[in-house]
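Raw contents of work-v3.tsv, TSV, C-alpha atoms and all ligand atoms:
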```
chain	number	residue	atom	x	y	z
A	1	MET	CA	18.99	-0.79	7.41
A	2	SER	CA	16.95	2.37	7.13
A	3	LEU	CA	14.57	4.47	5.19
A	4	VAL	CA	14.85	4.04	1.41
A	5	PRO	CA	13.08	5.32	-1.73
A	6	MET	CA	10.58	2.90	-3.21
A	7	SER	CA	11.67	2.67	-6.83
A	8	GLU	CA	14.89	0.63	-6.63
A	9	LEU	CA	13.28	-1.73	-4.13
A	10	LEU	CA	10.37	-2.42	-6.48
A	11	VAL	CA	12.50	-2.67	-9.63
A	12	ARG	CA	14.51	-5.40	-7.90
A	13	ALA	CA	11.31	-7.09	-6.71
A	14	ARG	CA	9.74	-7.19	-10.17
A	15	ARG	CA	12.96	-8.40	-11.76
A	16	SER	CA	13.32	-11.17	-9.18
A	17	GLY	CA	9.65	-12.20	-9.11
A	18	TYR	CA	8.57	-11.22	-5.61
A	19	ALA	CA	6.45	-8.40	-4.17
A	20	VAL	CA	6.94	-6.06	-1.22
A	21	GLY	CA	4.06	-5.74	1.25
A	22	ALA	CA	2.66	-2.24	1.87
A	23	PHE	CA	0.63	-1.82	5.06
A	24	GLU	CA	-1.40	1.16	6.28
A	25	VAL	CA	-0.11	2.54	9.60
A	26	TRP	CA	-1.73	5.01	11.96
A	27	ASN	CA	-0.01	4.69	15.35
A	28	LEU	CA	2.98	3.27	17.22
A	29	GLU	CA	1.56	-0.25	17.49
A	30	SER	CA	0.86	-0.56	13.77
A	31	ILE	CA	4.35	0.70	12.86
A	32	GLN	CA	5.97	-1.73	15.31
A	33	ALA	CA	3.82	-4.60	14.04
A	34	VAL	CA	4.84	-4.04	10.40
A	35	ILE	CA	8.53	-3.43	11.02
A	36	GLY	CA	8.71	-6.28	13.53
A	37	ALA	CA	7.18	-8.67	10.98
A	38	ALA	CA	9.58	-7.54	8.23
A	39	GLU	CA	12.62	-7.79	10.50
A	40	GLY	CA	11.59	-11.25	11.67
A	41	LEU	CA	11.54	-12.43	8.05
A	42	ALA	CA	14.50	-10.29	6.89
A	43	GLN	CA	12.35	-8.72	4.16
A	44	PRO	CA	11.93	-5.09	3.00
A	45	VAL	CA	8.58	-3.47	3.75
A	46	ILE	CA	6.50	-0.39	2.97
A	47	LEU	CA	4.72	1.67	5.63
A	48	GLN	CA	1.94	3.65	4.00
A	49	VAL	CA	-0.27	6.46	5.19
A	50	GLY	CA	-3.45	7.51	3.40
A	51	PRO	CA	-5.50	10.65	4.00
A	52	GLY	CA	-7.61	8.80	6.60
A	53	GLU	CA	-4.59	7.75	8.66
A	54	ALA	CA	-2.93	11.17	8.25
A	55	ASP	CA	-6.04	13.03	9.40
A	56	TYR	CA	-6.45	10.64	12.33
A	57	ALA	CA	-2.85	10.68	13.57
A	58	GLY	CA	-1.65	14.04	12.22
A	59	MET	CA	0.64	14.00	9.21
A	60	GLU	CA	3.70	15.31	11.05
A	61	ASP	CA	3.13	13.00	14.02
A	62	ILE	CA	2.79	9.81	11.97
A	63	ALA	CA	5.69	10.80	9.67
A	64	HIS	CA	8.03	11.35	12.61
A	65	ALA	CA	7.03	8.09	14.29
A	66	ALA	CA	7.37	6.08	11.08
A	67	ILE	CA	10.70	7.63	10.13
A	68	PHE	CA	12.14	7.11	13.62
A	69	HIS	CA	11.34	3.39	13.47
A	70	ALA	CA	12.30	3.01	9.79
A	71	ARG	CA	15.74	4.53	10.37
A	72	ARG	CA	16.68	2.01	13.00
A	73	ALA	CA	15.06	-0.99	11.32
A	74	LYS	CA	17.27	-3.93	10.32
A	75	VAL	CA	15.60	-4.10	6.90
A	76	PRO	CA	14.91	-1.50	4.16
A	77	VAL	CA	11.71	0.46	4.91
A	78	VAL	CA	9.80	2.86	2.63
A	79	LEU	CA	7.39	5.53	3.88
A	80	HIS	CA	4.73	6.04	1.20
A	81	LEU	CA	1.73	8.35	0.79
A	82	ASP	CA	-1.17	6.14	-0.36
A	83	HIS	CA	-4.00	7.74	-2.40
A	84	GLY	CA	-2.86	11.30	-1.73
A	85	ASP	CA	-5.94	13.46	-2.28
A	86	THR	CA	-4.39	16.86	-2.98
A	87	PHE	CA	-1.17	18.36	-4.32
A	88	GLU	CA	-0.78	20.09	-0.93
A	89	ARG	CA	-0.83	16.73	0.84
A	90	VAL	CA	1.90	15.46	-1.47
A	91	MET	CA	3.99	18.57	-0.69
A	92	GLN	CA	3.47	18.00	3.07
A	93	CYS	CA	4.79	14.46	2.68
A	94	LEU	CA	7.86	15.63	0.77
A	95	ASN	CA	8.44	18.16	3.53
A	96	HIS	CA	8.09	15.54	6.28
A	97	GLY	CA	10.52	13.03	4.75
A	98	PHE	CA	8.32	10.47	2.98
A	99	THR	CA	10.35	8.44	0.46
A	100	SER	CA	7.46	7.73	-1.92
A	101	VAL	CA	4.20	9.49	-2.83
A	102	MET	CA	1.04	8.88	-4.80
A	103	LEU	CA	-1.47	11.50	-5.92
A	104	ASP	CA	-4.75	9.77	-6.69
A	105	VAL	CA	-6.71	11.94	-9.10
A	106	SER	CA	-8.03	8.97	-11.05
A	107	HIS	CA	-11.55	10.46	-10.74
A	108	LEU	CA	-10.48	13.35	-13.04
A	109	PRO	CA	-10.60	13.15	-16.83
A	110	TYR	CA	-7.57	11.28	-18.25
A	111	ALA	CA	-5.69	14.38	-19.50
A	112	GLU	CA	-6.02	16.13	-16.13
A	113	ASN	CA	-4.85	13.00	-14.29
A	114	VAL	CA	-1.81	12.82	-16.59
A	115	ALA	CA	-0.95	16.51	-16.07
A	116	ALA	CA	-1.30	16.36	-12.26
A	117	THR	CA	0.60	13.08	-11.91
A	118	LYS	CA	3.38	14.33	-14.20
A	119	GLU	CA	3.77	17.45	-12.05
A	120	VAL	CA	3.96	15.32	-8.87
A	121	ALA	CA	6.59	13.10	-10.50
A	122	ARG	CA	8.65	16.15	-11.54
A	123	VAL	CA	8.66	17.66	-8.03
A	124	ALA	CA	9.04	14.37	-6.11
A	125	HIS	CA	11.89	13.16	-8.33
A	126	ALA	CA	13.71	16.46	-7.74
A	127	CYS	CA	13.61	15.52	-4.02
A	128	GLY	CA	14.76	11.92	-4.62
A	129	VAL	CA	11.30	10.59	-3.80
A	130	SER	CA	9.54	7.81	-5.76
A	131	VAL	CA	6.08	8.12	-7.33
A	132	GLU	CA	3.22	5.67	-7.76
A	133	GLY	CA	0.46	6.52	-10.23
A	134	GLU	CA	-3.09	5.28	-10.74
A	135	MET	CA	-4.95	5.71	-14.02
A	136	ASP	CA	-8.21	3.88	-13.33
A	137	ARG	CA	-10.43	3.97	-10.28
A	138	ILE	CA	-9.93	0.84	-8.20
A	139	GLY	CA	-13.21	-0.27	-6.67
A	140	GLY	CA	-14.47	-0.58	-3.11
A	141	GLY	CA	-13.94	1.68	-0.11
A	142	ALA	CA	-15.05	5.24	-0.62
A	143	THR	CA	-15.45	4.84	-4.38
A	144	GLY	CA	-18.61	2.77	-3.99
A	145	ILE	CA	-17.69	0.35	-6.80
A	146	ASP	CA	-17.77	-3.07	-5.15
A	147	VAL	CA	-16.99	-5.37	-8.02
A	148	PRO	CA	-15.73	-3.29	-10.93
A	149	ASP	CA	-17.13	-4.05	-14.32
A	150	ASP	CA	-14.77	-4.14	-17.27
A	151	ALA	CA	-15.25	-0.40	-17.90
A	152	HIS	CA	-13.19	0.30	-14.76
A	153	LEU	CA	-10.33	-2.02	-15.66
A	154	THR	CA	-6.94	-0.96	-17.02
A	155	ASN	CA	-6.56	-0.70	-20.76
A	156	PRO	CA	-3.01	-1.94	-21.54
A	157	ASP	CA	-2.44	0.51	-24.44
A	158	GLN	CA	-3.56	3.46	-22.35
A	159	ALA	CA	-1.37	2.22	-19.46
A	160	VAL	CA	1.70	2.37	-21.71
A	161	GLU	CA	0.82	5.93	-22.67
A	162	PHE	CA	0.07	6.95	-19.03
A	163	VAL	CA	3.40	5.62	-17.74
A	164	ARG	CA	5.33	7.26	-20.59
A	165	ALA	CA	3.55	10.62	-20.25
A	166	THR	CA	3.80	10.90	-16.45
A	167	GLY	CA	7.25	9.47	-15.69
A	168	ILE	CA	6.00	7.51	-12.65
A	169	ASP	CA	8.07	4.75	-11.00
A	170	ALA	CA	5.27	2.29	-10.19
A	171	PHE	CA	1.85	1.75	-11.79
A	172	ALA	CA	-1.30	0.68	-9.92
A	173	VAL	CA	-3.32	-1.75	-12.05
A	174	ALA	CA	-7.10	-2.12	-12.00
A	175	ILE	CA	-7.70	-5.84	-12.63
A	176	GLY	CA	-10.76	-6.53	-10.47
A	177	THR	CA	-9.41	-6.27	-6.94
A	178	VAL	CA	-11.36	-3.96	-4.60
A	179	HIS	CA	-10.50	-1.96	-1.50
A	180	GLY	CA	-12.01	-3.51	1.64
A	181	PHE	CA	-13.50	-7.01	1.90
A	182	TYR	CA	-15.18	-8.35	-1.25
A	183	GLN	CA	-18.99	-8.21	-1.35
A	184	GLY	CA	-19.16	-11.03	-3.91
A	185	GLU	CA	-16.78	-13.60	-5.38
A	186	PRO	CA	-13.43	-12.01	-6.32
A	187	HIS	CA	-12.82	-12.13	-10.06
A	188	ILE	CA	-9.22	-11.12	-10.66
A	189	ARG	CA	-8.37	-10.67	-14.35
A	190	LEU	CA	-4.95	-12.33	-14.47
A	191	GLY	CA	-5.05	-12.52	-18.27
A	192	LEU	CA	-5.41	-8.75	-18.38
A	193	LEU	CA	-2.52	-8.38	-15.92
A	194	GLU	CA	-0.37	-10.50	-18.22
A	195	LYS	CA	-1.17	-8.15	-21.14
A	196	ILE	CA	-0.39	-5.05	-19.03
A	197	ALA	CA	2.86	-6.58	-17.74
A	198	ALA	CA	3.98	-7.44	-21.27
A	199	ARG	CA	3.68	-3.77	-22.25
A	200	VAL	CA	4.52	-1.87	-19.04
A	201	PRO	CA	8.08	-2.54	-17.84
A	202	ILE	CA	7.95	-0.60	-14.54
A	203	PRO	CA	6.92	-2.29	-11.25
A	204	LEU	CA	3.16	-2.90	-10.98
A	205	VAL	CA	1.10	-2.37	-7.83
A	206	LEU	CA	-1.89	-4.40	-6.64
A	207	HIS	CA	-4.36	-2.40	-4.55
A	208	GLY	CA	-7.12	-4.10	-2.58
A	209	GLY	CA	-5.00	-6.98	-1.27
A	210	SER	CA	-7.41	-7.87	1.57
A	211	GLY	CA	-9.48	-10.94	0.84
A	212	THR	CA	-7.86	-11.50	-2.56
A	213	PRO	CA	-7.35	-15.28	-2.95
A	214	GLU	CA	-3.78	-16.36	-2.19
A	215	ALA	CA	-3.42	-18.28	-5.46
A	216	ASP	CA	-4.40	-15.17	-7.43
A	217	VAL	CA	-1.91	-13.06	-5.45
A	218	ARG	CA	0.91	-15.54	-6.12
A	219	LYS	CA	0.09	-15.66	-9.83
A	220	ALA	CA	-0.15	-11.84	-9.98
A	221	VAL	CA	3.29	-11.55	-8.35
A	222	SER	CA	4.75	-14.01	-10.86
A	223	LEU	CA	3.35	-11.79	-13.65
A	224	GLY	CA	4.91	-8.50	-12.47
A	225	ILE	CA	3.16	-7.22	-9.34
A	226	ALA	CA	5.97	-5.84	-7.15
A	227	LYS	CA	3.92	-4.15	-4.38
A	228	VAL	CA	0.73	-5.40	-2.71
A	229	ASN	CA	-1.35	-3.05	-0.56
A	230	ILE	CA	-2.98	-4.39	2.61
A	231	CYS	CA	-5.15	-2.19	4.79
A	232	THR	CA	-8.47	-3.77	5.80
A	233	GLU	CA	-7.16	-7.19	6.92
A	234	PHE	CA	-4.37	-5.53	8.91
A	235	VAL	CA	-6.74	-3.14	10.72
A	236	ALA	CA	-9.17	-6.03	11.27
A	237	ALA	CA	-6.47	-8.21	12.85
A	238	PHE	CA	-5.85	-5.46	15.40
A	239	ALA	CA	-9.47	-4.42	15.99
A	240	ASP	CA	-11.00	-7.92	16.07
A	241	THR	CA	-8.40	-9.12	18.57
A	242	TYR	CA	-9.16	-6.16	20.80
A	243	ALA	CA	-12.91	-6.89	20.56
A	244	HIS	CA	-12.34	-10.57	21.35
A	245	GLU	CA	-10.15	-9.80	24.37
A	246	HIS	CA	-12.55	-7.15	25.59
A	247	ALA	CA	-15.34	-9.72	25.69
A	248	ALA	CA	-13.33	-12.04	27.98
A	249	SER	CA	-14.39	-12.15	31.66
A	250	ASP	CA	-10.88	-11.39	32.95
A	251	PHE	CA	-10.40	-8.32	30.69
A	252	ARG	CA	-8.71	-5.41	32.48
A	253	TYR	CA	-8.19	-1.84	31.37
A	254	ASN	CA	-4.44	-1.57	31.53
A	255	VAL	CA	-2.09	-0.80	28.65
A	256	PRO	CA	-0.54	-4.26	28.12
A	257	GLY	CA	-3.95	-5.87	28.65
A	258	VAL	CA	-5.57	-3.70	25.98
A	259	PHE	CA	-2.81	-3.42	23.36
A	260	LEU	CA	-0.35	-6.36	23.53
A	261	LYS	CA	-2.51	-9.00	21.84
A	262	PRO	CA	-3.91	-6.70	19.12
A	263	ARG	CA	-0.37	-5.61	18.20
A	264	ALA	CA	0.81	-9.24	18.14
A	265	ALA	CA	-2.14	-10.22	15.93
A	266	ALA	CA	-1.41	-7.37	13.52
A	267	ARG	CA	2.23	-8.47	13.36
A	268	GLN	CA	1.17	-12.06	12.65
A	269	LEU	CA	-1.08	-10.91	9.82
A	270	ALA	CA	1.74	-8.81	8.34
A	271	GLU	CA	4.09	-11.82	8.58
A	272	LYS	CA	1.59	-14.05	6.77
A	273	LYS	CA	1.23	-11.52	3.94
A	274	ILE	CA	4.97	-10.82	3.63
A	275	ARG	CA	5.60	-14.58	3.33
A	276	LEU	CA	2.94	-14.85	0.63
A	277	PHE	CA	4.27	-11.90	-1.38
A	278	ALA	CA	7.91	-13.01	-1.06
A	279	GLY	CA	7.14	-16.67	-1.83
A	280	LEU	CA	8.64	-17.84	1.48
B	1	LIG	P1	-7.45	-3.38	1.27
B	1	LIG	O1	-8.15	-2.50	2.28
B	1	LIG	O2	-8.40	-4.19	0.45
B	1	LIG	O3	-6.39	-4.19	1.88
B	1	LIG	O4	-6.76	-2.39	0.21
B	1	LIG	C1	-5.70	-1.60	0.64
B	1	LIG	C2	-5.27	-0.68	-0.44
B	1	LIG	O5	-5.26	-0.99	-1.60
B	1	LIG	C3	-4.83	0.66	-0.01
B	1	LIG	O6	-4.50	1.47	-1.09
```
Is it possible to give me this structure as structure tokens?
Ligand code: 13P
Amino acid sequence: MSLVPMSELLVRARRSGYAVGAFEVWNLESIQAVIGAAEGLAQPVILQVGPGEADYAGMEDIAHAAIFHARRAKVPVVLHLDHGDTFERVMQCLNHGFTSVMLDVSHLPYAENVAATKEVARVAHACGVSVEGEMDRIGGGATGIDVPDDAHLTNPDQAVEFVRATGIDAFAVAIGTVHGFYQGEPHIRLGLLEKIAARVPIPLVLHGGSGTPEADVRKAVSLGIAKVNICTEFVAAFADTYAHEHAASDFRYNVPGVFLKPRAAARQLAEKKIRLFAGL
């Protein structure tokens, strides 16, 4: 069905009450696992690449591989830059054919974040590319905030202003999810999401999908989340299966022996998440 921009896909998703899964990819196996899962369920899907994956695989290399597979997929596929760290990285992605970008400068003061995100939206939109924006720092991962306190959560009034001032297509909410596995009990502020959704009409994005309770994810989707990001659980499905197989007494170092089961496990995990987000 081919490579598509992200905005129309997510507008339709929010309007119809489902979410599209967005999975981090870094090599051939991960791309095949995500697209295979989406095709098997006849659902659209988002391949995303963050700075870590881009630096590991090479931006041009991973873009070419992802675009090759997206173009011949039987379902709509988006190629998105997740948490772009510099304006240069965003420009590289536009140059290499990404159909959606995000510049994450949420660590900067609000006014600087608005100015930088607005500039990205102006340039990306001129290329027909969608833009996701983040106003607040979402916890976990490299940010070192494991369970965000309320100070890190999205203020609905400020979210309205951020979306209006920047012209973004999708807005990443901070409602208590964290990147990576949770250190403590997840405490997802669904009441806050309801307030944000009532004021912000564009598709909303849930970062930190790994380990977030399924009931909370379903409720969040019903309230306006149109994209859910999954990285850690997807990588873990691949890596843990490899580790398990490696420990078996009959393990052999040949390509199918090393990579077939990890790729199948990653695909299974993607299928489980896509079903959850689509309400299948
Ligand atoms: P997880 O690693 O918790 O799945 O979060 C992924 C994410 O939000 C990437 O932006």
- Please, which residues have at least one atom within 7 Å of an atom of ligand LIG 1 (chain B), using only C-alpha atoms and all ligand atoms, listed as a PyMOL selection string? chain A and resi 82-83+178-181+206-211+229-233
- Note on the structure: What separates CA of Thr117 (chain A) and CA of Ser130 (chain A) is a distance of 12.1 Å
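When only C-alpha atoms are used to compute distances to Phe98 (chain A), the closest of the residues A:Asp85, A:Glu60, A:Glu24, A:Asp55 turns out to be A:Glu60.
Nearest-residue note for Ala265 (chain A): choosing from A:Val78, A:Val235, A:Ala38, A:Ala66, the minimum distance belongs to A:Val235, counting all atoms listed in the file.
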- Mind checking which residues fall within 10 Å of Met135 (chain A), counting only C-alpha atoms, ignoring those fewer than 6 positions away in the same chain, and posting them as a PyMOL selection string? chain A and resi 104-110+113-114+117+152-155+158-159+162-163+171-174
Same residues, C-alpha atoms, saved as a JSON list (two decimals), in the frame of the given file:
```
[["chain", "number", "residue", "atom", "x", "y", "z"],
["A", 104, "ASP", "CA", -4.75, 9.77, -6.69],
["A", 105, "VAL", "CA", -6.71, 11.94, -9.10],
["A", 106, "SER", "CA", -8.03, 8.97, -11.05],
["A", 107, "HIS", "CA", -11.55, 10.46, -10.74],
["A", 108, "LEU", "CA", -10.48, 13.35, -13.04],
["A", 109, "PRO", "CA", -10.60, 13.15, -16.83],
["A", 110, "TYR", "CA", -7.57, 11.28, -18.25],
["A", 113, "ASN", "CA", -4.85, 13.00, -14.29],
["A", 114, "VAL", "CA", -1.81, 12.82, -16.59],
["A", 117, "THR", "CA", 0.60, 13.08, -11.91],
["A", 152, "HIS", "CA", -13.19, 0.30, -14.76],
["A", 153, "LEU", "CA", -10.33, -2.02, -15.66],
["A", 154, "THR", "CA", -6.94, -0.96, -17.02],
["A", 155, "ASN", "CA", -6.56, -0.70, -20.76],
["A", 158, "GLN", "CA", -3.56, 3.46, -22.35],
["A", 159, "ALA", "CA", -1.37, 2.22, -19.46],
["A", 162, "PHE", "CA", 0.07, 6.95, -19.03],
["A", 163, "VAL", "CA", 3.40, 5.62, -17.74],
["A", 171, "PHE", "CA", 1.85, 1.75, -11.79],
["A", 172, "ALA", "CA", -1.30, 0.68, -9.92],
["A", 173, "VAL", "CA", -3.32, -1.75, -12.05],
["A", 174, "ALA", "CA", -7.10, -2.12, -12.00]]
```
- Task: Point out the residue among A:Thr212, A:Gln268, A:Gln32, A:Asn254 with the least atom-to-atom distance to Ala73 (chain A), counting all atoms listed in the file.
- Result: A:Gln32
- d(CA of Pro5 (chain A), CA of Ser100 (chain A)) in Å: 6.1 Å
Which residues are near Ala239 (chain A)? Cut-off 9 Å, all atoms listed in the file, ignore same chain within fewer than 4 positions. Put them as a PDB file with C-alpha atoms, in the coordinates of the input.
```pdb
ATOM      1  CA  PHE A 234      -4.370  -5.530   8.910  1.00  0.00           C
ATOM      2  CA  VAL A 235      -6.740  -3.140  10.720  1.00  0.00           C
ATOM      3  CA  ALA A 243     -12.910  -6.890  20.560  1.00  0.00           C
ATOM      4  CA  HIS A 244     -12.340 -10.570  21.350  1.00  0.00           C
ATOM      5  CA  PRO A 262      -3.910  -6.700  19.120  1.00  0.00           C
ATOM      6  CA  ALA A 266      -1.410  -7.370  13.520  1.00  0.00           C
TER       7      ALA A 266
END
```
- Message: I need the residue nearest Asp216 (chain A) from this list: A:His246, A:Leu204, A:Leu276, A:Arg122. Use all atoms listed in the file for the distance.
- Response: A:Leu276
- Contacts of Gln48 (chain A) at 7 Å or less, counting all atoms listed in the file, minus same-chain residues fewer than 3 places along, as a ChimeraX atom specification? /A:22-25,79-82
- Message: Could you list, as a PyMOL selection string, every residue within 9 Å of Gly21 (chain A), counting only C-alpha atoms and ignoring same-chain residues fewer than 4 positions away?
- Response: chain A and resi 44-47+226-230+270+273-274+277-278
- Query: Could you pull the residues within 7 Å of Arg14 (chain A), counting only C-alpha atoms, minus those fewer than 5 positions along the same chain, as number ranges by chain?
  - Reply: A: 19, 203, 224-226
- Message: My list of candidates is A:Ala198, A:Ala121, A:Val77, A:Leu3. Which is closest to Gly36 (chain A) when distances are computed with only C-alpha atoms?
- Response: A:Val77
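Our summary of the geometry notes that CA of Val49 (chain A) is positioned 12.3 Å from CA of Leu103 (chain A).
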- Task: Choose the residue, out of A:Ile188, A:Val258, A:Ala116, A:Ala237, that has the smallest atom-to-atom separation from Ala33 (chain A); count only C-alpha atoms.
- Result: A:Ala237
